[in-house]
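The structure under discussion appears below in the form of structure tokens.
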Amino acid sequence: MFKLNFEILNFYHKCRGEHVKLARCVHSVVNFNDSRFDSNRLLRDLSKSGRIDEARQLFDEISDRDEFTWNTMIAAYANSRKLSEAKRLFDETPYKSCITWSSLISGYCQCRREVEAFELFWRMRFEGHGPSQYTLGSVLRLCSSMVLLQRGEQIHGYAVKTCFDSNVFVVTGLVDMYAKCKCILEAEYLFKMMSDGKTHVTWTTMVTGYSQNGYGFKAIECFRDMRAEGVESNQYTFPSVLTACSSVSALGFGEQVHGCVIRGGLEANAYVQSALVSMYVKCRDLNSGRRLLLNMSVDDVVSWNSMIVGCVRQGFEDEALSFFKQMHAREMKIDAFTYPSVLNCFTSNMDMKNAKSVHCLIIKTGFEAYKLVNNALVDMYAKRGSLGCAFTVFNHMQDKDVISWTSLVTGCAHNGSCEEALKYFCDMRIAGICPDQIVVASILSACAELTLLELGRQVHATSLKFGLGSSLSVGNSLVMMYAKCGSIEDANRVFDSMQVRDVITWTALIVGYAKNGRGKDSLQFYDQMLASGTKPDSITFIGLLFACSHAGLVENARHYIESMNKVYGIQTGPEHYACMIDLLGRLGKLVEAKELLDQMVVEPDATVWKAFLASCRVHGNLELGERAAKNLFELEPKNAMPYVLLSNMYSAAGKWDAAASIRKLMKSRGISKEPGCSWIELNSQVHTFLSEDRGHPRTADIYSKIDEMMLLIKEAGYVPDMNFSLHDLDVEGKVLGLAYHSEKLAVAFALLTVPAGAPIRIFKNLRVCGDCHNAMKYISGVYLRHIILRDSNRFHHFREGKCSCGDYW
């Protein structure tokens, strides 16, 4: 009889929907005592094979349903995520056992229905049904997947109360829950408290927990202990320990794990193969990663993506593109993670034609709707300086996140479009996007470039509001922003508040003090930097030499050049030579400056010749100035600076025809001089002035203030310096021309509008002229005001008739 029943069941199972009615007829004809058992068995087989509708039809035909019948059907619906049907049967069943409750709770847990799952769990207990280890396992898996730490702790408390804390299945679930909730110490404690009975699942859970929480070395150690205990690893253990090897660059141990994979017969497992490729690539062994990738039994897109990312990170963009082309040739299913990796290839100096070809392929394959891909496109175009393309992609995005905005804002800031960066940052905040440390650092750099101190302070407040005050990159950007805006005291306060500092932090402060006319303070911070154990870099020495240049410290500068070469092994570059030549030129040692220029171990670049030309301009050495200017004409033929300086030198020497010929040469070459302008920020509004400017709404008040100001400073001893009046005019015309320079118009407006006691901050796009520099000293003394003037070279702090530069301007 049993054999007959078995044959009928087997026939029914093989029908797979065909001749089912015939099978049921045969089954109904056969008369045997265990019909309920056979029906339940049929129901179970249908449920397990996913034929839920047929299972329900059979369930409805069974007249004498028992507990197994109801539980099987409820579990079938729950496992198929048909929770409403499962709940309906659960409410109808006359048999509610622990299994019944657990089946329904498991279904809600699988569907991540937290509220209903826990409501059922507590109802189950209230109605007197004790949850089993499988019930606890289901709710713990829900806590793990949804990172529900508080719920997990409640289940842990219940497990302790009911003595389930010694059950291996439950403890393994608790270890996994705590690890997924970032409580690795609690997970570790539970794991170590298990004296015996640890299964390979328990060990794998702990290894995975360590690996996912960034404890790479502990994951490796745990894996070693697992092997020492004789517990076999599986296809889930190996990827976790290989990920740990990747995170700590433990290539040697990763190779040993590779050997274990081969001995365990898992070298053909796609999941393990992918983890091996990723490990080798992240440990910078591209050759081994390539061999594994090309010998994989199945083309796995994750492994190919890992290979492309590895090539890009190590600077092998051509290799990365080659792998992408191979993926395309193999007709692999490229995913949303492939394209961002490929687009990273084009952020360097590769042909934009290829980049746009990939963009076309993205549109063709329908990936232009993916946020991850669009973010990569915006980032790529922005980094390449193609802001128009970046704006187009960005504006067509339906869903923008913080990465989208950050890529655009950062791209604008890095490409000099600082005003655009500020606009998009404001739009980002209006859209309700919380900024991250990258976008805050970038926007602070934009504020520094535009010298928008008040806006910079607002961004500083924003960074504190969003908990970014401890970010090193934000701290460095704040120090730079305050220093570049002339508020060196604020820069120092930010520096003192930073818990972590690097060479960028120290260098920013050193350069900041140097550019704000406090060269000796700059050198003292360098000594503190060395005492802290931070090693200087090339930029640090540029800052030190700049400080020496503007403080007239020749011997100090020579000492720094020597230590840079001999102590730190940093080669003297053109920027360092430019600072030395500038220093010698400021002190009138043009012969020494020329000798240094001729002895340079590197070819003088435009920076060096500009410093030399500026020195010649200050000291009126026309012969050497002509040599410097001619070199600059060749190196930077479109730069107006050497033409203007040489023309000014001719004018100062009274060679008006030569000056006119230079201006004519500029015109013939299509070179225009950037007009000198000064501006002041007042109540978040920028007021800009040109020389002899009469376009401001308060022009009458400003010129009246100029007359008063010039009268008072002349009484105090000011004498106009005619060397800076470069037009062929009479004396009176030259005096008036000097009086209406943009710097003087700006300071006159400031005296009218900036409250008494507050510092006056003026910015100029070009270098301040000698006459205005001298006049500012007198104005600060006569009006008892602190005037901060930033020109294209540095800051000048005027107080009580003196300048912070000590006239080494």
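Every chain in the structure tokens has a letter given in the order shown (A, B, ...), and although residue numbers restart at 1 in each chain, ligands are simply numbered from 1 in the order shown.
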
Within 10 Å of Ser47 of chain A, counting only C-alpha atoms, which residues show up once you throw out same-chain ones fewer than 6 positions away? Write them as a PyMOL selection string, please. chain A and resi 41+53-56+72-77+79-80

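The environment of segment 161-169 of chain A within 10 Å, counting only C-alpha atoms and disregarding residues fewer than 3 places along the same chain, consists of Gly130, Pro131, Ser132, Gln133, Tyr134, Leu136, Gly137, Ile155, His156, Gly157, Tyr158, Thr172, Gly173, Leu174, Leu190, Phe191, Met193, Met194, Ser195, Asp196, Gly197, Lys198, Thr199, Val201 and Thr202 of chain A.
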
Secondary structure check, strand (DSSP E) residues of segment 631-739 of chain A, as a ChimeraX atom specification: /A:677-682,685-690

Output C-alpha atoms for every residue in that selection, as a CSV table (one decimal), in the first residue's frame.
chain,number,residue,atom,x,y,z
A,677,CYS,CA,39.6,97.8,-9.7
A,678,SER,CA,39.1,97.7,-6.0
A,679,TRP,CA,36.0,96.5,-4.1
A,680,ILE,CA,34.6,96.4,-0.6
A,681,GLU,CA,32.0,94.0,0.8
A,682,LEU,CA,29.3,95.7,2.9
A,685,GLN,CA,26.8,93.5,-1.1
A,686,VAL,CA,30.0,94.1,-3.1
A,687,HIS,CA,30.8,97.7,-4.2
A,688,THR,CA,33.4,97.9,-7.0
A,689,PHE,CA,35.4,100.9,-8.1
A,690,LEU,CA,37.6,101.7,-11.1

Find the residues near segment 110-115 of chain A: any atom within 7 Å, counting only C-alpha atoms, skip ones fewer than 4 places away on the same chain, and give them as a PyMOL selection string. chain A and resi 81+106+119+142

Using the selection just defined, write its residues with N, CA, C and O atoms as a PDB file, in the first residue's frame.
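Dumped everything to selection-v4.pdb:
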ATOM      1  N   ARG A  81       5.446  35.498   0.292  1.00  0.00           N
ATOM      2  CA  ARG A  81       5.212  36.914   0.561  1.00  0.00           C
ATOM      3  C   ARG A  81       3.782  37.350   0.248  1.00  0.00           C
ATOM      4  O   ARG A  81       3.525  38.528  -0.026  1.00  0.00           O
ATOM      5  N   SER A 106       7.721  34.805  10.448  1.00  0.00           N
ATOM      6  CA  SER A 106       8.824  34.694   9.478  1.00  0.00           C
ATOM      7  C   SER A 106       8.484  35.401   8.169  1.00  0.00           C
ATOM      8  O   SER A 106       9.324  36.081   7.567  1.00  0.00           O
ATOM      9  N   GLU A 119       4.600  42.990  16.511  1.00  0.00           N
ATOM     10  CA  GLU A 119       3.282  42.919  17.140  1.00  0.00           C
ATOM     11  C   GLU A 119       2.841  41.467  17.285  1.00  0.00           C
ATOM     12  O   GLU A 119       2.326  41.056  18.333  1.00  0.00           O
ATOM     13  N   LEU A 142      15.587  40.046  10.938  1.00  0.00           N
ATOM     14  CA  LEU A 142      14.938  41.318  10.607  1.00  0.00           C
ATOM     15  C   LEU A 142      15.700  42.480  11.241  1.00  0.00           C
ATOM     16  O   LEU A 142      15.948  43.512  10.598  1.00  0.00           O
TER      17      LEU A 142
END

What's the separation between atom CA of His796 of chain A and atom CA of Tyr526 of chain A, in Å to one decimal place? 21.7 Å

Fewer than 2 positions away in the same chain doesn't count, so skip those; otherwise give me all residues within 10 Å of segment 62-65 of chain A, counting only C-alpha atoms, as a PyMOL selection string. chain A and resi 35-36+39-40+43+56-60+67-70+93-94

One decimal, in Å: what's the spacing between atom CA of Met296 of chain A and atom CA of Val272 of chain A?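 Computing the Euclidean distance for atom CA of Met296 of chain A and atom CA of Val272 of chain A yields 10.6 Å.
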
Excluding same-chain residues fewer than 2 positions from Ser249 of chain A, what lies within 9 Å of it counting only C-alpha atoms, as a list in words? Ala244, Cys245, Ser246, Ser247, Leu251, Gly252, Gly254, Met279, Lys282, Cys283 and Arg284 of chain A

As a PyMOL selection string, please: all residues of segment 534-642 of chain A that backbone DSSP puts in alpha helix (DSSP H). chain A and resi 538-551+554-566+574-586+590-598+606-619+622-635+640-642

Would you please work out which residue, of A:Ser497, A:Gln524, A:Thr540, A:Thr406, is nearest to Asp427 of chain A when using only C-alpha atoms?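 Selected residue with least distance to Asp427 of chain A: A:Thr406.
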
As a ChimeraX atom specification, please: the residues near Leu523 of chain A (cut-off 9 Å, only C-alpha atoms, same-chain neighbours under 4 positions excluded). /A:510,513-514,519,527-528,544,547-548

When you count only C-alpha atoms, which of these residues is closest to Asp693 of chain A: A:Ser742, A:Asn516, A:Ser672, A:Ser463?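 Once distances to Asp693 of chain A are computed over only C-alpha atoms, the minimum belongs to A:Ser742.
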
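Between atom CA of Arg799 of chain A and atom CA of Ser780 of chain A lies a distance of 5.6 Å.
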
Which one of A:Leu361, A:Met710, A:Val567, A:Leu789 sits closest to Ile334 of chain A if you count only C-alpha atoms?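 Using only C-alpha atoms, the shortest distance to Ile334 of chain A belongs to A:Leu361.
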
Compare A:Glu153, A:Glu419, A:Glu592, A:Asp318 by their minimum atom-to-atom distance to Tyr178 of chain A, counting only C-alpha atoms, and give me the closest one.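 Among A:Glu153, A:Glu419, A:Glu592, A:Asp318, it is A:Glu153 that comes nearest to Tyr178 of chain A.
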